[in-house]
Amino acid sequence: MSAVEISERAGKREWVGLAVLVLTAMLISFDFFVLLLALPHLSADLGADGVEQLWIMDIYGFFVGGLLITMGSLGDRIGRRKLLLIGGTGFALASVLAAYSTSPEMLIGARALLGLFGATLVPSTLSLLSHMFRDPKERGLAIGIWAGAFTVGAILGPIAGGILLGYFWWGSVFLIGVPILALLLILGPTMLPEFRNPDAGRLDLISVFQSLAAMLPFIYGVKEIARSGLQVVPVVALLLGIVFGVLFIRRQNRLPHPLLDLKLFSIANVRFGLLGLFGYSLLTGAVLLLMSQWLQSVAGLSALGAGLALVPGMITSTIASTVAPILARRFRPAYLIGIGLLITVAALVVITQASFSATLVIAAFAVWTIGGAPIEALGIGLVLGATPPEKAGAVSAVPQVCNEVGSALGFALLGTVATVVYRAKLSGAIPADVPSAAAAAADESVASATAAAQSLPEQLGEALLGPARLAYNSGMHVVAWITAVLLAVLAVVIIVKLRHEPPLGAAADEGAATEAA
């Protein structure tokens, strides 16, 4: 074994540091899911109306998505560990502020601060992993564990939130992450290495402004269009975001020290790794949202029951995210990603055959997440493995940006398709003896149909719900078919374009063998 190979192996310090980073990353999804449970309680206590509730939910994602690239680039300049510790401190303080908020406005402000500091966590933790684990095999495993942490947060969030809300006030759900952040602040300075790019240059404030001006209105516009349809303000916001996005790209190509080095996108692993992550988020995010609503409005599960129905899939996703990098030591990543996407395609086809069987959908989702794990774990690894270490901070933010933007676009585009199909199938299918107000409510959504049916006599309620559920099935099935076809195309593209990438560590092992000889 060569001296170079020995020096690349991670030691106890790195693996303990990984545990700290994984716990920190887990807070991102954990925070979102506990808030879903707490929203009715805090709304009643603070008197938040519908618009304020939406801002309480969405403002966090707006700031995280808008600031990811800036924070990743800032970490390259001031130090990734330093930024992580600053972000962890700010996140803990903002969590306390949110927990003790006395008005909707105060809570919205606290959630904005959580988004501001939360934007430091993903690029800092991920770029530190790429620096701590130099061996490709160990780096792949570390990234797989890191990716699985988001799913673990999604599993534990509803469980821990439900327990806390059963015994304490709603603010307690914001405080649960404070001990983890305290652990980060205690162990981080000794367990995590510092790394920054000494040649990164000064932070270009115009680029920072353009990045924010592109991402914030774009994400807002897409989400509002998905929620309320084409209206003036969201459309203008969307177009404004696109304009500033173009300006941002043009400026990055001219700067000697850009906020995001766009030349990295000429590397096949970076380009197609990000394409896979973006495509997977865009296509499957909408199906997941439709399926979650289906479990409640069509299968008849409660909100808690629908959440628990997703747990088997989350568990298989966590396991598969860890196993995929281990398999990638023997098999080419492109083949694992491509075959995984085809497994997800098969699961989506099964979902298209489900009429009212929740068991079939739950099982299909568990298979789906197994197939999706390689693109999430190995895709990020391909991107970071091809990125120079000094630029890993900014690039580490891009996969999460792909997830944020992809999911938002998927909701808007495929969600619209589902709505069009739903309304087309429902048109003329509701019996004439159903009250017109109830029929009009059903035309809005299957959830509205379910609510309207509860106020009708049983026979009329069934006459309303039957066509609404069938129409919703049709919409979800059409979107699942579209997603399946496009995912199959994406699988072929990934296999063809990245088929020459060797198994993890293969090139390093060959180099070590040559050096030893």
# chains A, B, ... in the order shown; residues from 1 in each chain; ligands from 1
$ residues_around --residues "range 398-402 of chain A" --least-positions-apart "6" --cutoff "10 Å" --atoms "only C-alpha atoms" --output "PyMOL selection string"
chain A and resi 64-69+72+119+122-123+215+260+270+273-282+376+379-380+383-384+408
$ write_last_selection --atoms "N, CA and C atoms" --output "tab-separated table (two decimals), in the first residue's frame"
chain	number	residue	atom	x	y	z
A	64	VAL	N	-33.54	29.79	1.73
A	64	VAL	CA	-32.56	28.73	1.53
A	64	VAL	C	-32.20	28.62	0.06
A	65	GLY	N	-33.22	28.54	-0.81
A	65	GLY	CA	-32.96	28.42	-2.23
A	65	GLY	C	-32.23	29.61	-2.81
A	66	GLY	N	-32.58	30.81	-2.34
A	66	GLY	CA	-31.97	32.02	-2.88
A	66	GLY	C	-30.54	32.25	-2.45
A	67	LEU	N	-30.16	31.70	-1.30
A	67	LEU	CA	-28.84	32.01	-0.73
A	67	LEU	C	-27.84	30.87	-0.81
A	68	LEU	N	-28.23	29.72	-1.32
A	68	LEU	CA	-27.34	28.56	-1.31
A	68	LEU	C	-26.02	28.83	-2.04
A	69	ILE	N	-26.10	29.35	-3.26
A	69	ILE	CA	-24.88	29.58	-4.04
A	69	ILE	C	-24.00	30.63	-3.38
A	72	GLY	N	-22.35	29.02	-0.34
A	72	GLY	CA	-21.31	28.08	-0.73
A	72	GLY	C	-20.04	28.80	-1.16
A	119	ALA	N	-29.19	28.18	4.91
A	119	ALA	CA	-28.53	28.12	3.61
A	119	ALA	C	-27.03	27.85	3.74
A	122	VAL	N	-26.11	23.20	4.09
A	122	VAL	CA	-25.92	22.20	3.04
A	122	VAL	C	-24.55	22.35	2.35
A	123	PRO	N	-24.21	23.53	1.80
A	123	PRO	CA	-22.92	23.62	1.11
A	123	PRO	C	-21.73	23.46	2.05
A	215	MET	N	-33.05	33.95	-7.94
A	215	MET	CA	-33.63	32.78	-7.27
A	215	MET	C	-34.90	33.10	-6.51
A	260	LEU	N	-19.83	31.67	-8.92
A	260	LEU	CA	-19.96	30.27	-9.34
A	260	LEU	C	-19.23	30.11	-10.67
A	270	VAL	N	-19.99	16.66	-13.90
A	270	VAL	CA	-20.71	17.75	-13.26
A	270	VAL	C	-22.01	18.01	-13.99
A	273	GLY	N	-24.35	14.82	-13.91
A	273	GLY	CA	-24.74	14.54	-12.53
A	273	GLY	C	-25.82	15.50	-12.06
A	274	LEU	N	-25.64	16.79	-12.36
A	274	LEU	CA	-26.65	17.79	-12.00
A	274	LEU	C	-27.93	17.62	-12.82
A	275	LEU	N	-27.78	17.25	-14.09
A	275	LEU	CA	-28.97	17.00	-14.91
A	275	LEU	C	-29.80	15.88	-14.31
A	276	GLY	N	-29.14	14.82	-13.86
A	276	GLY	CA	-29.87	13.71	-13.23
A	276	GLY	C	-30.58	14.14	-11.97
A	277	LEU	N	-29.91	14.91	-11.12
A	277	LEU	CA	-30.53	15.37	-9.88
A	277	LEU	C	-31.71	16.30	-10.16
A	278	PHE	N	-31.53	17.22	-11.11
A	278	PHE	CA	-32.59	18.14	-11.46
A	278	PHE	C	-33.79	17.40	-12.07
A	279	GLY	N	-33.51	16.50	-13.01
A	279	GLY	CA	-34.59	15.77	-13.66
A	279	GLY	C	-35.36	14.89	-12.69
A	280	TYR	N	-34.64	14.23	-11.79
A	280	TYR	CA	-35.31	13.36	-10.81
A	280	TYR	C	-36.22	14.18	-9.89
A	281	SER	N	-35.73	15.33	-9.42
A	281	SER	CA	-36.54	16.18	-8.54
A	281	SER	C	-37.75	16.74	-9.29
A	282	LEU	N	-37.53	17.19	-10.52
A	282	LEU	CA	-38.62	17.78	-11.30
A	282	LEU	C	-39.74	16.77	-11.55
A	376	GLU	N	-29.41	10.17	-6.16
A	376	GLU	CA	-29.24	11.14	-5.08
A	376	GLU	C	-27.88	11.01	-4.41
A	379	GLY	N	-25.00	10.73	-7.69
A	379	GLY	CA	-25.00	11.94	-8.51
A	379	GLY	C	-24.23	13.06	-7.86
A	380	ILE	N	-24.45	13.24	-6.57
A	380	ILE	CA	-23.70	14.27	-5.84
A	380	ILE	C	-22.22	13.92	-5.81
A	383	VAL	N	-20.49	14.82	-9.05
A	383	VAL	CA	-20.28	16.26	-9.17
A	383	VAL	C	-19.08	16.70	-8.34
A	384	LEU	N	-19.05	16.29	-7.08
A	384	LEU	CA	-17.95	16.72	-6.20
A	384	LEU	C	-16.63	16.08	-6.58
A	408	ALA	N	-40.01	22.65	-7.46
A	408	ALA	CA	-40.96	23.74	-7.69
A	408	ALA	C	-41.51	23.71	-9.12
$ residues_around --residues "range 176-182 of chain A" --least-positions-apart "4" --cutoff "8 Å" --atoms "only C-alpha atoms" --output "PDB file with C-alpha atoms, in the first residue's frame"
ATOM      1  CA  LEU A  23     -26.868  15.396  12.369  1.00  0.00           C
ATOM      2  CA  THR A  24     -26.591  18.997  11.226  1.00  0.00           C
ATOM      3  CA  LEU A  27     -32.117  19.394  10.709  1.00  0.00           C
ATOM      4  CA  GLY A  88     -25.145  26.804  13.264  1.00  0.00           C
ATOM      5  CA  THR A  89     -25.050  29.547  15.894  1.00  0.00           C
ATOM      6  CA  ALA A  92     -29.933  27.954  16.984  1.00  0.00           C
ATOM      7  CA  SER A  95     -34.901  28.620  16.442  1.00  0.00           C
ATOM      8  CA  SER A 172     -41.045  23.192  21.433  1.00  0.00           C
ATOM      9  CA  ILE A 186     -18.668  21.985  20.806  1.00  0.00           C
TER      10      ILE A 186
END
$ residues_around --residues "range 28-31 of chain A" --least-positions-apart "6" --cutoff "9 Å" --atoms "only C-alpha atoms" --output "PyMOL selection string"
chain A and resi 118+121-122+149-158+173-174+177
$ residues_around --residues "Val489 in chain A" --least-positions-apart "4" --cutoff "10 Å" --atoms "only C-alpha atoms" --output "PyMOL selection string"
chain A and resi 338+341-342+483-485+493-494
$ write_last_selection --atoms "C-alpha atoms" --output "PDB file, in the first residue's frame"
ATOM      1  CA  GLY A 338     -29.603   4.161 -14.820  1.00  0.00           C
ATOM      2  CA  LEU A 341     -34.118   5.055 -12.438  1.00  0.00           C
ATOM      3  CA  LEU A 342     -35.624   2.155 -14.402  1.00  0.00           C
ATOM      4  CA  THR A 483     -42.836  10.807 -15.357  1.00  0.00           C
ATOM      5  CA  ALA A 484     -42.107   7.146 -16.101  1.00  0.00           C
ATOM      6  CA  VAL A 485     -41.416   7.815 -19.788  1.00  0.00           C
ATOM      7  CA  VAL A 493     -28.892   9.578 -21.169  1.00  0.00           C
ATOM      8  CA  ILE A 494     -27.043   8.977 -17.889  1.00  0.00           C
TER       9      ILE A 494
END
$ closest_residue --among "A:Val367, A:Leu230, A:Leu504, A:Ile375" --to "Lys137 in chain A" --atoms "only C-alpha atoms"
A:Leu504
$ residues_around --residues "Ile145 in chain A" --least-positions-apart "5" --cutoff "8 Å" --atoms "only C-alpha atoms" --output "short mmCIF file (atom, residue, chain, number, x, y, z; two decimals) with C-alpha atoms, in the first residue's frame"
data_model
loop_
_atom_site.label_atom_id
_atom_site.label_comp_id
_atom_site.auth_asym_id
_atom_site.auth_seq_id
_atom_site.Cartn_x
_atom_site.Cartn_y
_atom_site.Cartn_z
CA VAL A 22 -24.95 14.31 9.27
CA THR A 318 -32.13 5.68 3.72
CA SER A 321 -28.55 5.68 -0.13
CA THR A 322 -25.93 3.99 2.06
#
$ select_by_dssp --residues "range 213-374 of chain A" --states "alpha helix (DSSP H)" --output "PyMOL selection string"
chain A and resi 213-228+232-254+268-297+303-309+311-327+333-352+358-374
$ write_last_selection --atoms "C-alpha atoms" --output "compact mmCIF listing (two decimals), in the first residue's frame"
# COMPACT_ATOMS: atom_id res chain seq x y z
CA ALA A 213 -32.73 38.58 -7.55
CA ALA A 214 -32.82 35.52 -9.79
CA MET A 215 -33.63 32.78 -7.27
CA LEU A 216 -36.07 34.46 -4.86
CA PRO A 217 -38.62 35.76 -7.40
CA PHE A 218 -38.21 32.68 -9.61
CA ILE A 219 -38.99 30.23 -6.78
CA TYR A 220 -41.81 32.47 -5.52
CA GLY A 221 -43.31 32.78 -9.01
CA VAL A 222 -43.20 29.06 -9.72
CA LYS A 223 -44.73 28.14 -6.35
CA GLU A 224 -47.52 30.71 -6.65
CA ILE A 225 -48.34 29.66 -10.21
CA ALA A 226 -48.51 26.04 -9.05
CA ARG A 227 -50.79 27.06 -6.17
CA SER A 228 -53.05 29.70 -7.76
CA VAL A 232 -49.98 38.80 -12.89
CA VAL A 233 -47.70 39.04 -9.83
CA PRO A 234 -46.31 35.46 -9.94
CA VAL A 235 -45.75 35.66 -13.72
CA VAL A 236 -43.90 38.99 -13.39
CA ALA A 237 -41.82 37.55 -10.54
CA LEU A 238 -40.97 34.51 -12.66
CA LEU A 239 -39.89 36.63 -15.62
CA LEU A 240 -37.89 38.93 -13.34
CA GLY A 241 -36.06 35.92 -11.94
CA ILE A 242 -35.22 34.70 -15.45
CA VAL A 243 -33.88 38.12 -16.47
CA PHE A 244 -31.61 38.36 -13.44
CA GLY A 245 -30.56 34.75 -13.98
CA VAL A 246 -29.33 35.64 -17.47
CA LEU A 247 -27.50 38.68 -16.07
CA PHE A 248 -25.93 36.50 -13.38
CA ILE A 249 -24.66 33.98 -15.94
CA ARG A 250 -23.21 36.69 -18.17
CA ARG A 251 -21.39 38.32 -15.26
CA GLN A 252 -19.94 35.02 -14.01
CA ASN A 253 -18.41 34.39 -17.42
CA ARG A 254 -16.62 37.76 -17.30
CA ALA A 268 -19.34 15.73 -18.13
CA ASN A 269 -19.64 14.35 -14.57
CA VAL A 270 -20.71 17.75 -13.26
CA ARG A 271 -23.10 18.50 -16.11
CA PHE A 272 -24.86 15.15 -16.27
CA GLY A 273 -24.74 14.54 -12.53
CA LEU A 274 -26.65 17.79 -12.00
CA LEU A 275 -28.97 17.00 -14.91
CA GLY A 276 -29.87 13.71 -13.23
CA LEU A 277 -30.53 15.37 -9.88
CA PHE A 278 -32.59 18.14 -11.46
CA GLY A 279 -34.59 15.77 -13.66
CA TYR A 280 -35.31 13.36 -10.81
CA SER A 281 -36.54 16.18 -8.54
CA LEU A 282 -38.62 17.78 -11.30
CA LEU A 283 -40.36 14.57 -12.30
CA THR A 284 -40.83 12.65 -9.07
CA GLY A 285 -41.61 15.62 -6.79
CA ALA A 286 -44.97 16.22 -8.44
CA VAL A 287 -45.92 12.53 -8.29
CA LEU A 288 -45.01 12.42 -4.60
CA LEU A 289 -47.22 15.42 -3.89
CA LEU A 290 -50.13 13.92 -5.84
CA MET A 291 -49.64 10.58 -4.11
CA SER A 292 -49.65 12.20 -0.66
CA GLN A 293 -52.97 13.87 -1.44
CA TRP A 294 -54.28 10.61 -2.96
CA LEU A 295 -53.62 8.73 0.28
CA GLN A 296 -55.91 11.14 2.13
CA SER A 297 -58.57 12.14 -0.38
CA ALA A 303 -53.12 13.16 7.64
CA LEU A 304 -51.10 11.18 10.20
CA GLY A 305 -51.91 7.92 8.44
CA ALA A 306 -50.77 9.34 5.10
CA GLY A 307 -47.52 10.48 6.69
CA LEU A 308 -46.92 7.06 8.24
CA ALA A 309 -47.70 5.42 4.89
CA VAL A 311 -42.31 5.84 6.24
CA PRO A 312 -41.53 2.44 4.62
CA GLY A 313 -40.35 4.26 1.50
CA MET A 314 -38.27 6.65 3.56
CA ILE A 315 -36.62 3.74 5.37
CA THR A 316 -35.77 1.93 2.13
CA SER A 317 -34.43 5.22 0.73
CA THR A 318 -32.13 5.68 3.72
CA ILE A 319 -30.79 2.14 3.44
CA ALA A 320 -30.37 2.32 -0.35
CA SER A 321 -28.55 5.68 -0.13
CA THR A 322 -25.93 3.99 2.06
CA VAL A 323 -25.72 0.80 0.02
CA ALA A 324 -25.45 2.50 -3.41
CA PRO A 325 -21.91 3.90 -2.85
CA ILE A 326 -20.76 0.46 -1.65
CA LEU A 327 -22.12 -1.18 -4.81
CA PRO A 333 -22.02 4.54 -11.19
CA ALA A 334 -23.76 5.29 -14.50
CA TYR A 335 -25.18 1.77 -14.63
CA LEU A 336 -26.32 1.86 -11.01
CA ILE A 337 -28.01 5.23 -11.54
CA GLY A 338 -29.60 4.16 -14.82
CA ILE A 339 -30.87 0.82 -13.51
CA GLY A 340 -32.11 2.59 -10.36
CA LEU A 341 -34.12 5.06 -12.44
CA LEU A 342 -35.62 2.15 -14.40
CA ILE A 343 -36.64 0.53 -11.10
CA THR A 344 -38.41 3.79 -10.23
CA VAL A 345 -40.06 3.70 -13.67
CA ALA A 346 -41.41 0.22 -12.90
CA ALA A 347 -42.77 1.42 -9.55
CA LEU A 348 -44.51 4.35 -11.23
CA VAL A 349 -46.13 1.98 -13.73
CA VAL A 350 -47.47 -0.01 -10.77
CA ILE A 351 -48.92 3.21 -9.32
CA THR A 352 -50.79 3.81 -12.59
CA ALA A 358 -53.31 2.11 -0.53
CA THR A 359 -51.23 -1.02 0.16
CA LEU A 360 -50.18 -1.26 -3.49
CA VAL A 361 -49.20 2.42 -3.62
CA ILE A 362 -47.23 2.21 -0.34
CA ALA A 363 -45.32 -0.84 -1.60
CA ALA A 364 -44.65 0.83 -4.97
CA PHE A 365 -43.31 3.92 -3.21
CA ALA A 366 -40.89 1.77 -1.19
CA VAL A 367 -39.55 0.28 -4.44
CA TRP A 368 -39.49 3.72 -6.07
CA THR A 369 -37.20 5.16 -3.38
CA ILE A 370 -34.79 2.22 -3.71
CA GLY A 371 -34.45 3.07 -7.39
CA GLY A 372 -34.03 6.78 -6.72
CA ALA A 373 -31.29 6.42 -4.11
CA PRO A 374 -28.35 5.99 -6.56
$ residues_around --residues "Leu187 in chain A" --least-positions-apart "2" --cutoff "12 Å" --atoms "only C-alpha atoms" --output "mmCIF file with C-alpha atoms, in the first residue's frame"
data_model
loop_
_atom_site.group_PDB
_atom_site.id
_atom_site.type_symbol
_atom_site.label_atom_id
_atom_site.label_comp_id
_atom_site.auth_asym_id
_atom_site.auth_seq_id
_atom_site.Cartn_x
_atom_site.Cartn_y
_atom_site.Cartn_z
ATOM 1 C CA ARG A 13 -11.586 12.168 13.633
ATOM 2 C CA GLU A 14 -13.122 12.259 10.157
ATOM 3 C CA VAL A 16 -16.777 11.443 14.166
ATOM 4 C CA GLY A 17 -16.861 14.664 12.159
ATOM 5 C CA LEU A 18 -19.141 12.935 9.636
ATOM 6 C CA ALA A 19 -21.594 12.095 12.434
ATOM 7 C CA VAL A 20 -21.672 15.768 13.456
ATOM 8 C CA LEU A 21 -22.226 16.900 9.858
ATOM 9 C CA THR A 24 -26.591 18.997 11.226
ATOM 10 C CA ARG A 81 -15.904 25.280 8.981
ATOM 11 C CA LEU A 85 -20.202 27.337 12.898
ATOM 12 C CA ILE A 180 -27.731 19.132 17.994
ATOM 13 C CA LEU A 181 -26.429 22.561 17.054
ATOM 14 C CA ALA A 182 -24.820 22.867 20.485
ATOM 15 C CA LEU A 183 -23.034 19.574 19.733
ATOM 16 C CA LEU A 184 -21.853 21.052 16.426
ATOM 17 C CA LEU A 185 -20.447 24.123 18.182
ATOM 18 C CA PRO A 189 -13.732 23.210 16.116
ATOM 19 C CA THR A 190 -11.817 20.011 16.965
ATOM 20 C CA MET A 191 -13.451 17.323 14.790
ATOM 21 C CA LEU A 192 -13.881 19.311 11.562
ATOM 22 C CA PRO A 193 -10.954 20.592 9.488
#
$ closest_residue --among "A:Gly11, A:Pro256, A:Gly79, A:Gly415" --to "Ser127 in chain A" --atoms "only C-alpha atoms"
A:Gly79
$ residues_around --residues "Ala453 in chain A" --least-positions-apart "4" --cutoff "10 Å" --atoms "only C-alpha atoms" --output "ChimeraX atom specification"
/A:434,438-439,441-442,447-449,457-465
$ closest_residue --among "A:Trp55, A:Thr70, A:Gly75, A:Val96" --to "Ile206 in chain A" --atoms "only C-alpha atoms"
A:Thr70
$ atom_distance --atom1 "CA of Phe63 in chain A" --atom2 "CA of Ala112 in chain A"
6.5 Å
$ atom_distance --atom1 "CA of Ile56 in chain A" --atom2 "CA of Gly90 in chain A"
18.3 Å
$ atom_distance --atom1 "CA of Leu129 in chain A" --atom2 "CA of His500 in chain A"
24.7 Å
$ closest_residue --among "A:Leu486, A:Leu413, A:Ala160, A:Leu107" --to "Leu46 in chain A" --atoms "only C-alpha atoms"
A:Leu107
